[in-house]
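A.B. asks: Data file entry25.pdb (PDB, C-alpha atoms) is appended below.
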ATOM      1  CA  MET B   1      28.513  73.663  11.917
ATOM      2  CA  SER B   2      27.231  77.106  10.974
ATOM      3  CA  PHE B   3      28.879  79.036   8.153
ATOM      4  CA  ASP B   4      26.385  81.890   8.360
ATOM      5  CA  HIS B   5      28.502  84.966   7.669
ATOM      6  CA  GLY B   6      25.847  87.061   9.386
ATOM      7  CA  THR B   7      26.856  85.743  12.816
ATOM      8  CA  PRO B   8      30.166  85.945  14.727
ATOM      9  CA  GLU B   9      30.243  82.141  15.067
ATOM     10  CA  GLY B  10      29.650  81.655  11.345
ATOM     11  CA  ARG B  11      32.341  84.174  10.421
ATOM     12  CA  MET B  12      34.862  82.432  12.680
ATOM     13  CA  ASN B  13      33.993  79.075  11.123
ATOM     14  CA  LEU B  14      34.465  80.542   7.653
ATOM     15  CA  TRP B  15      37.859  81.990   8.594
ATOM     16  CA  ARG B  16      38.862  78.679  10.137
ATOM     17  CA  ALA B  17      37.720  76.764   7.017
ATOM     18  CA  MET B  18      39.939  78.935   4.827
ATOM     19  CA  VAL B  19      42.949  78.589   7.123
ATOM     20  CA  ARG B  20      42.439  74.844   7.540
ATOM     21  CA  GLY B  21      42.075  74.391   3.804
ATOM     22  CA  ARG B  22      45.257  76.324   3.143
ATOM     23  CA  ALA B  23      47.097  74.351   5.841
ATOM     24  CA  PHE B  24      46.136  71.077   4.143
ATOM     25  CA  ASP B  25      47.028  72.499   0.739
ATOM     26  CA  GLN B  26      50.439  73.755   1.866
ATOM     27  CA  ALA B  27      51.224  70.437   3.552
ATOM     28  CA  MET B  28      50.486  68.711   0.253
ATOM     29  CA  CYS B  29      52.827  71.165  -1.485
ATOM     30  CA  ARG B  30      55.615  70.006   0.803
ATOM     31  CA  HIS B  31      54.965  66.292   0.433
ATOM     32  CA  ASN B  32      53.511  65.761  -3.058
ATOM     33  CA  ASN B  33      55.253  66.911  -6.247
ATOM     34  CA  HIS B  34      52.036  66.339  -8.189
ATOM     35  CA  TRP B  35      50.104  68.877  -6.166
ATOM     36  CA  HIS B  36      48.361  71.867  -7.756
ATOM     37  CA  GLU B  37      48.482  74.672  -5.224
ATOM     38  CA  ALA B  38      45.307  76.593  -4.366
ATOM     39  CA  ARG B  39      46.819  79.359  -2.227
ATOM     40  CA  GLY B  40      45.067  82.659  -2.862
ATOM     41  CA  GLU B  41      41.774  81.238  -4.163
ATOM     42  CA  GLU B  42      40.202  80.304  -0.799
ATOM     43  CA  ALA B  43      37.458  82.941  -0.877
ATOM     44  CA  VAL B  44      36.053  81.402  -4.063
ATOM     45  CA  PHE B  45      35.931  77.768  -3.046
ATOM     46  CA  ILE B  46      35.029  78.314   0.616
ATOM     47  CA  GLY B  47      32.541  81.099  -0.097
ATOM     48  CA  GLY B  48      31.167  79.245  -3.104
ATOM     49  CA  PHE B  49      30.406  76.028  -1.242
ATOM     50  CA  ALA B  50      29.668  77.119   2.343
ATOM     51  CA  GLN B  51      26.133  77.044   3.777
ATOM     52  CA  LEU B  52      24.811  74.498   1.289
ATOM     53  CA  GLU B  53      22.430  71.787   2.435
ATOM     54  CA  ALA B  54      23.826  68.328   3.176
ATOM     55  CA  ASP B  55      21.816  66.910   0.255
ATOM     56  CA  ASP B  56      22.975  69.523  -2.229
ATOM     57  CA  ILE B  57      25.474  68.196  -4.746
ATOM     58  CA  VAL B  58      28.900  69.784  -5.042
ATOM     59  CA  ALA B  59      31.495  69.490  -7.787
ATOM     60  CA  PRO B  60      34.340  71.854  -6.903
ATOM     61  CA  HIS B  61      37.274  72.778  -9.112
ATOM     62  CA  PHE B  62      40.221  70.447  -8.489
ATOM     63  CA  ARG B  63      42.167  73.432  -7.149
ATOM     64  CA  GLY B  64      40.691  73.700  -3.654
ATOM     65  CA  ALA B  65      38.516  70.586  -3.720
ATOM     66  CA  CYS B  66      40.132  69.167  -0.577
ATOM     67  CA  ALA B  67      39.307  72.349   1.356
ATOM     68  CA  VAL B  68      35.659  72.015   0.303
ATOM     69  CA  SER B  69      35.705  68.381   1.367
ATOM     70  CA  LEU B  70      37.130  69.302   4.785
ATOM     71  CA  MET B  71      34.491  71.990   5.216
ATOM     72  CA  ARG B  72      31.781  69.421   4.487
ATOM     73  CA  GLY B  73      33.059  67.108   7.199
ATOM     74  CA  SER B  74      35.752  64.889   5.687
ATOM     75  CA  ASP B  75      38.395  63.503   8.013
ATOM     76  CA  PRO B  76      41.759  65.022   6.962
ATOM     77  CA  ALA B  77      43.652  61.773   7.574
ATOM     78  CA  GLU B  78      41.256  59.831   5.335
ATOM     79  CA  LEU B  79      41.416  62.614   2.775
ATOM     80  CA  ALA B  80      45.226  62.569   2.745
ATOM     81  CA  ALA B  81      45.200  58.774   2.434
ATOM     82  CA  GLY B  82      42.903  59.182  -0.558
ATOM     83  CA  VAL B  83      45.370  61.516  -2.221
ATOM     84  CA  PHE B  84      48.200  58.978  -1.802
ATOM     85  CA  GLY B  85      45.962  55.967  -2.534
ATOM     86  CA  THR B  86      46.600  53.953   0.617
ATOM     87  CA  ASP B  87      44.558  51.697   2.888
ATOM     88  CA  GLY B  88      43.424  54.610   5.068
ATOM     89  CA  SER B  89      41.290  56.056   2.274
ATOM     90  CA  ASN B  90      37.614  55.234   1.904
ATOM     91  CA  SER B  91      38.433  53.354  -1.312
ATOM     92  CA  GLY B  92      40.893  51.133   0.551
ATOM     93  CA  GLY B  93      43.693  52.176  -1.769
ATOM     94  CA  ASN B  94      41.896  51.314  -4.994
ATOM     95  CA  TRP B  95      41.738  54.875  -6.155
ATOM     96  CA  ARG B  96      44.216  57.729  -5.935
ATOM     97  CA  GLY B  97      42.893  61.265  -5.830
ATOM     98  CA  ASP B  98      46.024  63.161  -6.655
ATOM     99  CA  ILE B  99      44.417  66.531  -7.189
ATOM    100  CA  CYS B 100      40.916  65.976  -5.848
ATOM    101  CA  PRO B 101      39.369  64.281  -2.855
ATOM    102  CA  THR B 102      37.695  60.930  -2.790
ATOM    103  CA  PRO B 103      34.196  61.353  -4.187
ATOM    104  CA  SER B 104      31.029  60.388  -2.355
ATOM    105  CA  GLU B 105      27.299  60.316  -3.042
ATOM    106  CA  ARG B 106      26.965  64.105  -2.919
ATOM    107  CA  PHE B 107      30.534  65.061  -3.831
ATOM    108  CA  ILE B 108      31.619  64.790  -7.452
ATOM    109  CA  GLY B 109      35.362  64.375  -7.811
ATOM    110  CA  MET B 110      37.520  64.717 -10.892
ATOM    111  CA  PHE B 111      37.455  61.312 -12.561
ATOM    112  CA  SER B 112      39.279  62.384 -15.705
ATOM    113  CA  GLY B 113      42.341  64.437 -16.584
ATOM    114  CA  SER B 114      40.201  66.073 -19.259
ATOM    115  CA  LEU B 115      38.999  69.155 -17.404
ATOM    116  CA  GLY B 116      35.354  70.134 -17.661
ATOM    117  CA  THR B 117      33.924  66.689 -17.121
ATOM    118  CA  THR B 118      32.876  67.573 -13.576
ATOM    119  CA  VAL B 119      30.814  70.442 -14.996
ATOM    120  CA  ALA B 120      28.936  67.941 -17.156
ATOM    121  CA  TYR B 121      28.481  65.560 -14.206
ATOM    122  CA  ALA B 122      27.059  68.419 -12.126
ATOM    123  CA  THR B 123      24.696  69.311 -14.966
ATOM    124  CA  GLY B 124      23.487  65.735 -15.071
ATOM    125  CA  ALA B 125      23.056  65.770 -11.295
ATOM    126  CA  ALA B 126      20.987  68.964 -11.549
ATOM    127  CA  LEU B 127      18.800  67.311 -14.191
ATOM    128  CA  HIS B 128      18.252  64.410 -11.795
ATOM    129  CA  LEU B 129      17.254  66.789  -8.982
ATOM    130  CA  GLN B 130      14.798  68.566 -11.268
ATOM    131  CA  GLN B 131      13.213  65.360 -12.532
ATOM    132  CA  ARG B 132      12.803  64.117  -8.964
ATOM    133  CA  HIS B 133      11.138  67.438  -8.023
ATOM    134  CA  LEU B 134      13.636  67.974  -5.213
ATOM    135  CA  LYS B 135      14.513  71.384  -3.793
ATOM    136  CA  ASN B 136      18.223  70.657  -3.741
ATOM    137  CA  VAL B 137      20.731  72.279  -6.073
ATOM    138  CA  ALA B 138      24.056  71.379  -7.671
ATOM    139  CA  VAL B 139      27.029  73.729  -7.475
ATOM    140  CA  CYS B 140      30.111  73.269  -9.659
ATOM    141  CA  ALA B 141      33.319  75.225 -10.160
ATOM    142  CA  PHE B 142      35.880  75.315 -12.935
ATOM    143  CA  GLY B 143      38.867  77.399 -13.962
ATOM    144  CA  ASP B 144      39.222  80.030 -16.667
ATOM    145  CA  GLY B 145      41.184  77.591 -18.810
ATOM    146  CA  THR B 146      38.469  74.971 -18.527
ATOM    147  CA  ALA B 147      35.947  77.587 -19.605
ATOM    148  CA  ASN B 148      37.257  77.050 -23.138
ATOM    149  CA  ALA B 149      36.317  73.367 -23.119
ATOM    150  CA  GLY B 150      33.374  72.567 -25.353
ATOM    151  CA  ILE B 151      31.719  70.479 -22.664
ATOM    152  CA  VAL B 152      31.343  73.586 -20.488
ATOM    153  CA  ALA B 153      29.441  75.439 -23.221
ATOM    154  CA  GLU B 154      27.270  72.375 -23.830
ATOM    155  CA  SER B 155      26.518  72.113 -20.122
ATOM    156  CA  MET B 156      25.612  75.783 -19.821
ATOM    157  CA  ASN B 157      23.359  75.564 -22.863
ATOM    158  CA  LEU B 158      21.522  72.523 -21.508
ATOM    159  CA  ALA B 159      21.209  74.050 -18.038
ATOM    160  CA  SER B 160      19.828  77.295 -19.440
ATOM    161  CA  MET B 161      17.450  75.536 -21.846
ATOM    162  CA  LEU B 162      15.976  73.327 -19.102
ATOM    163  CA  LYS B 163      16.284  75.875 -16.231
ATOM    164  CA  LEU B 164      18.226  73.396 -14.159
ATOM    165  CA  PRO B 165      18.885  74.033 -10.431
ATOM    166  CA  LEU B 166      22.567  74.619 -10.990
ATOM    167  CA  VAL B 167      25.154  77.224 -10.017
ATOM    168  CA  PHE B 168      28.300  77.520 -12.129
ATOM    169  CA  ILE B 169      31.313  79.195 -10.508
ATOM    170  CA  CYS B 170      34.199  80.252 -12.739
ATOM    171  CA  GLN B 171      37.279  80.324 -10.485
ATOM    172  CA  ASN B 172      39.220  82.677 -12.724
ATOM    173  CA  ASN B 173      42.804  82.676 -11.428
ATOM    174  CA  GLN B 174      43.902  84.369 -14.667
ATOM    175  CA  TYR B 175      46.178  81.636 -16.021
ATOM    176  CA  ALA B 176      45.514  78.397 -17.877
ATOM    177  CA  THR B 177      48.809  76.752 -16.899
ATOM    178  CA  SER B 178      50.962  79.582 -18.352
ATOM    179  CA  LEU B 179      48.545  81.215 -20.810
ATOM    180  CA  PRO B 180      46.888  84.430 -19.553
ATOM    181  CA  ALA B 181      43.103  84.362 -19.545
ATOM    182  CA  THR B 182      43.121  87.747 -21.307
ATOM    183  CA  THR B 183      44.732  85.990 -24.273
ATOM    184  CA  ALA B 184      43.020  82.620 -24.076
ATOM    185  CA  ILE B 185      39.401  83.772 -23.804
ATOM    186  CA  ALA B 186      38.142  85.215 -27.082
ATOM    187  CA  GLY B 187      34.952  87.201 -27.495
ATOM    188  CA  GLY B 188      35.095  89.082 -24.232
ATOM    189  CA  THR B 189      34.819  87.211 -20.935
ATOM    190  CA  VAL B 190      33.369  83.990 -19.581
ATOM    191  CA  SER B 191      30.518  86.164 -18.318
ATOM    192  CA  ASP B 192      29.779  87.388 -21.840
ATOM    193  CA  ARG B 193      29.576  83.832 -23.108
ATOM    194  CA  ALA B 194      27.209  82.808 -20.329
ATOM    195  CA  LYS B 195      24.947  85.802 -20.981
ATOM    196  CA  ALA B 196      24.739  84.794 -24.626
ATOM    197  CA  LEU B 197      23.500  81.383 -23.494
ATOM    198  CA  GLY B 198      20.778  82.984 -21.395
ATOM    199  CA  LEU B 199      22.263  82.459 -17.929
ATOM    200  CA  GLU B 200      21.959  84.881 -15.045
ATOM    201  CA  VAL B 201      25.494  86.226 -14.527
ATOM    202  CA  VAL B 202      27.225  87.845 -11.567
ATOM    203  CA  ASP B 203      30.788  89.173 -11.568
ATOM    204  CA  VAL B 204      32.426  89.290  -8.140
ATOM    205  CA  ASP B 205      35.761  90.051  -6.509
ATOM    206  CA  GLY B 206      36.979  86.491  -5.984
ATOM    207  CA  ASN B 207      39.280  87.533  -3.139
ATOM    208  CA  ASP B 208      36.390  88.962  -1.122
ATOM    209  CA  LEU B 209      34.826  86.097   0.835
ATOM    210  CA  GLU B 210      31.621  87.904   1.720
ATOM    211  CA  ALA B 211      31.048  89.079  -1.869
ATOM    212  CA  VAL B 212      31.330  85.490  -3.086
ATOM    213  CA  ILE B 213      28.995  84.220  -0.357
ATOM    214  CA  SER B 214      26.394  86.861  -1.169
ATOM    215  CA  ALA B 215      26.472  86.048  -4.896
ATOM    216  CA  ARG B 216      26.308  82.318  -4.241
ATOM    217  CA  ALA B 217      23.432  82.652  -1.764
ATOM    218  CA  THR B 218      21.345  84.628  -4.273
ATOM    219  CA  ALA B 219      22.123  82.133  -7.049
ATOM    220  CA  VAL B 220      21.275  79.106  -4.892
ATOM    221  CA  ALA B 221      17.984  80.639  -3.722
ATOM    222  CA  ARG B 222      17.054  81.375  -7.314
ATOM    223  CA  ALA B 223      17.890  77.819  -8.394
ATOM    224  CA  ARG B 224      15.872  76.297  -5.531
ATOM    225  CA  GLU B 225      12.802  78.246  -6.619
ATOM    226  CA  GLY B 226      13.016  77.080 -10.223
ATOM    227  CA  GLY B 227      14.656  80.221 -11.602
ATOM    228  CA  GLY B 228      17.350  78.295 -13.407
ATOM    229  CA  PRO B 229      21.141  78.434 -13.479
ATOM    230  CA  THR B 230      23.504  81.277 -12.630
ATOM    231  CA  LEU B 231      27.145  81.811 -13.488
ATOM    232  CA  ILE B 232      29.253  83.444 -10.786
ATOM    233  CA  HIS B 233      32.407  84.788 -12.387
ATOM    234  CA  ALA B 234      34.926  85.217  -9.540
ATOM    235  CA  LEU B 235      38.160  86.979 -10.430
ATOM    236  CA  THR B 236      40.990  85.753  -8.206
ATOM    237  CA  TYR B 237      44.680  84.898  -8.510
ATOM    238  CA  ARG B 238      46.817  81.784  -8.178
ATOM    239  CA  MET B 239      49.652  82.847  -5.874
ATOM    240  CA  GLY B 240      51.634  79.671  -6.544
ATOM    241  CA  GLY B 241      52.604  78.002  -9.804
ATOM    242  CA  HIS B 242      50.276  75.835 -11.853
ATOM    243  CA  TYR B 243      51.963  72.793 -10.278
ATOM    244  CA  MET B 244      54.804  72.328  -7.813
ATOM    245  CA  ASN B 245      57.668  72.406 -10.353
ATOM    246  CA  ASP B 246      56.278  75.262 -12.415
ATOM    247  CA  PRO B 247      59.199  77.685 -13.233
ATOM    248  CA  GLU B 248      56.649  80.545 -13.542
ATOM    249  CA  THR B 249      58.539  82.304 -16.331
ATOM    250  CA  TYR B 250      55.278  83.673 -17.735
ATOM    251  CA  ARG B 251      54.689  86.278 -14.987
ATOM    252  CA  THR B 252      56.697  88.720 -12.930
ATOM    253  CA  ARG B 253      57.479  88.689  -9.245
ATOM    254  CA  ASP B 254      55.951  92.172  -8.961
ATOM    255  CA  GLU B 255      52.641  90.885 -10.318
ATOM    256  CA  VAL B 256      52.545  88.061  -7.767
ATOM    257  CA  ALA B 257      53.510  90.446  -4.943
ATOM    258  CA  ALA B 258      50.699  92.829  -5.870
ATOM    259  CA  TRP B 259      48.127  90.054  -5.615
ATOM    260  CA  GLU B 260      49.635  88.731  -2.384
ATOM    261  CA  LYS B 261      48.536  92.036  -0.824
ATOM    262  CA  LEU B 262      44.969  90.994  -1.666
ATOM    263  CA  ASP B 263      45.256  87.620   0.087
ATOM    264  CA  PRO B 264      41.636  86.614   0.833
ATOM    265  CA  ILE B 265      42.461  85.111   4.209
ATOM    266  CA  THR B 266      44.322  88.212   5.376
ATOM    267  CA  ARG B 267      41.521  90.469   4.138
ATOM    268  CA  PHE B 268      38.814  88.548   5.994
ATOM    269  CA  GLU B 269      40.999  88.092   9.070
ATOM    270  CA  GLN B 270      41.533  91.856   9.303
ATOM    271  CA  LYS B 271      37.766  92.394   9.230
ATOM    272  CA  LEU B 272      37.327  90.034  12.156
ATOM    273  CA  ILE B 273      40.149  91.679  14.077
ATOM    274  CA  VAL B 274      38.740  95.193  13.521
ATOM    275  CA  ALA B 275      35.298  93.926  14.614
ATOM    276  CA  GLY B 276      36.816  92.525  17.793
ATOM    277  CA  GLU B 277      35.784  88.976  16.901
ATOM    278  CA  LEU B 278      39.325  87.613  16.548
ATOM    279  CA  GLY B 279      42.584  88.601  18.210
ATOM    280  CA  ALA B 280      45.731  89.004  16.127
ATOM    281  CA  ASP B 281      47.702  86.736  18.466
ATOM    282  CA  GLU B 282      44.862  84.188  18.470
ATOM    283  CA  ALA B 283      44.806  84.183  14.656
ATOM    284  CA  ALA B 284      48.548  83.670  14.406
ATOM    285  CA  SER B 285      48.581  80.929  17.039
ATOM    286  CA  GLU B 286      45.670  78.996  15.523
ATOM    287  CA  THR B 287      47.127  79.288  12.042
ATOM    288  CA  LEU B 288      50.462  77.840  13.184
ATOM    289  CA  SER B 289      48.674  75.052  15.046
ATOM    290  CA  LEU B 290      46.595  74.075  12.004
ATOM    291  CA  MET B 291      49.657  74.193   9.743
ATOM    292  CA  ALA B 292      51.518  71.816  12.076
ATOM    293  CA  GLU B 293      48.522  69.497  12.461
ATOM    294  CA  MET B 294      47.950  69.166   8.715
ATOM    295  CA  ASN B 295      51.648  68.717   8.019
ATOM    296  CA  ASP B 296      51.773  65.783  10.448
ATOM    297  CA  ILE B 297      48.642  64.237   8.913
ATOM    298  CA  VAL B 298      49.896  64.519   5.340
ATOM    299  CA  ALA B 299      53.389  63.284   6.229
ATOM    300  CA  ALA B 300      51.879  60.241   7.958
ATOM    301  CA  ALA B 301      49.719  59.495   4.913
ATOM    302  CA  LYS B 302      52.717  59.641   2.611
ATOM    303  CA  ASP B 303      54.765  57.389   4.909
ATOM    304  CA  ALA B 304      51.972  54.800   5.268
ATOM    305  CA  PRO B 305      52.905  51.263   4.136
ATOM    306  CA  PRO B 306      51.825  50.033   0.689
ATOM    307  CA  THR B 307      48.219  49.018   0.402
ATOM    308  CA  GLU B 308      47.327  45.388   1.072
ATOM    309  CA  ASN B 309      44.038  45.637  -0.748
ATOM    310  CA  LEU B 310      43.117  42.289  -2.310
ATOM    311  CA  VAL B 311      41.555  43.887  -5.387
ATOM    312  CA  LEU B 312      44.536  46.035  -6.280
ATOM    313  CA  ASN B 313      47.341  43.514  -5.717
ATOM    314  CA  PRO B 314      46.388  40.977  -8.400
ATOM    315  CA  SER B 315      45.642  43.648 -11.014
ATOM    316  CA  ALA B 316      47.834  44.487 -14.001
ATOM    317  CA  TYR B 317      48.367  47.913 -12.461
ATOM    318  CA  ALA B 318      49.593  46.655  -9.073
ATOM    319  CA  GLU B 319      52.428  48.888  -7.928
ATOM    320  CA  ASP B 320      53.263  51.339  -5.206
ATOM    321  CA  TRP B 321      51.837  54.480  -6.826
ATOM    322  CA  ARG B 322      53.543  56.706  -4.306
ATOM    323  CA  ILE B 323      56.839  56.155  -6.130
ATOM    324  CA  ALA B 324      55.711  58.898  -8.505
ATOM    325  CA  SER B 325      55.188  61.375  -5.682
TER     326      SER B 325
END
What does the file become when written as structure tokens?

C.D. replies:
Amino acid sequence: MSFDHGTPEGRMNLWRAMVRGRAFDQAMCRHNNHWHEARGEEAVFIGGFAQLEADDIVAPHFRGACAVSLMRGSDPAELAAGVFGTDGSNSGGNWRGDICPTPSERFIGMFSGSLGTTVAYATGAALHLQQRHLKNVAVCAFGDGTANAGIVAESMNLASMLKLPLVFICQNNQYATSLPATTAIAGGTVSDRAKALGLEVVDVDGNDLEAVISARATAVARAREGGGPTLIHALTYRMGGHYMNDPETYRTRDEVAAWEKLDPITRFEQKLIVAGELGADEAASETLSLMAEMNDIVAAAKDAPPTENLVLNPSAYAEDWRIAS
């Protein structure tokens, strides 16, 4: 499937990927109290990971990882089963991906609750690609809060020192749980830190899909040609809470409403409508259809019977993990 934003077909596929990703995300919000909502950040994770080669390695931020997985061809039913840890997942219920999809050979999931580890895994993957003299690249994303983890600085230093084929994307939604990034990040910005480590740095409007795609395309081309790593610092906004039961006492309703006017899906949709490539009624109808489809898929995954996997049942951790959901 083409995600070339220079063609009408590619632009429609990009719009559809954002809407489909949000539909899956919002269905999870309704059915999973553990879920960490990604609404509002679609331009970063769809634009940041679209148009990559099948053999490129991706390590998205946990917020939006399922949308990236769907865009790269995952079956939504299998993906939902992976979130709830049931037989329908590709692990057969042995692994539960509560806030990230089931990993695969070219898709690095979040294996640890300690954020930043995926950045290190992606750095290691990029080192592997370089040592094998392959033209593929690794692309990883992380949040502004995770930017303060030491492992991120270590990864950037190593990537810069060795000129690894790696693209870092900081998905800056401006809050680390409840702490504003303006308070939490000392010494300027994440961009300033990356510059000090010798990385190429690009600051983009993270709610502008085409700006993110353009920055990512330049960074990937540079990495493929041996130019080394780039940091794309994408300023966006988390329209929902940090997690489903977040009381959100740390920000005002007016602030959220102001950013809702910059909704990346609405912005891109309006461009397509003005260009005559998408009808307003068509957009509304397809959005409703995808929302209903994903809701049914996620509800079915949650209601699936307990796993009968022979490895899980005799283990010391054998239980119906969905009780916690």

A.B. asks: Would you list the contacts of segment 122-132 of chain B as a PyMOL selection string, taking every protein, DNA or RNA residue within 9 Å and counting only C-alpha atoms, but skipping same-chain residues closer than 5 positions in sequence?

C.D. replies: chain B and resi 57-59+108+117+137-140+155-156+158-159+162-166+226

A.B. asks: Looking at B:Asn136, B:Ser104, B:Thr7, B:Ser289, which one is nearest to Ala23 of chain B, with distances taken over only C-alpha atoms?

C.D. replies: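 When distances to Ala23 of chain B are compared using only C-alpha atoms, the smallest one comes from B:Ser289.
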
A.B. asks: Determine, counting only C-alpha atoms, every residue of protein, DNA or RNA that lies within 12 Å of (45.4, 90.6, 1.6) in the file coordinates, then give the result as a count of residues only.

C.D. replies: 26

A.B. asks: Run the PyMOL selection byres ((chain B and resi 287) around 12) mentally over the shown coordinates, then write out the matched residues as a list in words, using the chain letters and numbers from the document.

C.D. replies: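 Given this file, the PyMOL selection byres ((chain B and resi 287) around 12) evaluates to Trp15, Arg16, Ala17, Met18, Val19, Arg20, Gly21, Arg22, Ala23, Phe24, Ile265, Thr266, Glu269, Ala280, Asp281, Glu282, Ala283, Ala284, Ser285, Glu286, Leu288, Ser289, Leu290, Met291, Ala292, Glu293 and Met294 of chain B.
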
A.B. asks: Just write the chosen residues, C-alpha atoms, as a CSV table (one decimal), in the coordinates of the input.

C.D. replies:
chain,number,residue,atom,x,y,z
B,15,TRP,CA,37.9,82.0,8.6
B,16,ARG,CA,38.9,78.7,10.1
B,17,ALA,CA,37.7,76.8,7.0
B,18,MET,CA,39.9,78.9,4.8
B,19,VAL,CA,42.9,78.6,7.1
B,20,ARG,CA,42.4,74.8,7.5
B,21,GLY,CA,42.1,74.4,3.8
B,22,ARG,CA,45.3,76.3,3.1
B,23,ALA,CA,47.1,74.4,5.8
B,24,PHE,CA,46.1,71.1,4.1
B,265,ILE,CA,42.5,85.1,4.2
B,266,THR,CA,44.3,88.2,5.4
B,269,GLU,CA,41.0,88.1,9.1
B,280,ALA,CA,45.7,89.0,16.1
B,281,ASP,CA,47.7,86.7,18.5
B,282,GLU,CA,44.9,84.2,18.5
B,283,ALA,CA,44.8,84.2,14.7
B,284,ALA,CA,48.5,83.7,14.4
B,285,SER,CA,48.6,80.9,17.0
B,286,GLU,CA,45.7,79.0,15.5
B,288,LEU,CA,50.5,77.8,13.2
B,289,SER,CA,48.7,75.1,15.0
B,290,LEU,CA,46.6,74.1,12.0
B,291,MET,CA,49.7,74.2,9.7
B,292,ALA,CA,51.5,71.8,12.1
B,293,GLU,CA,48.5,69.5,12.5
B,294,MET,CA,48.0,69.2,8.7

A.B. asks: Give the answer as one residue: which of B:Leu79, B:Ala186, B:His61, B:Ser69 has the shortest atom-to-atom distance to Met110 of chain B, using all atoms listed in the file?

C.D. replies: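 So, comparing all the options, the nearest one is B:His61.
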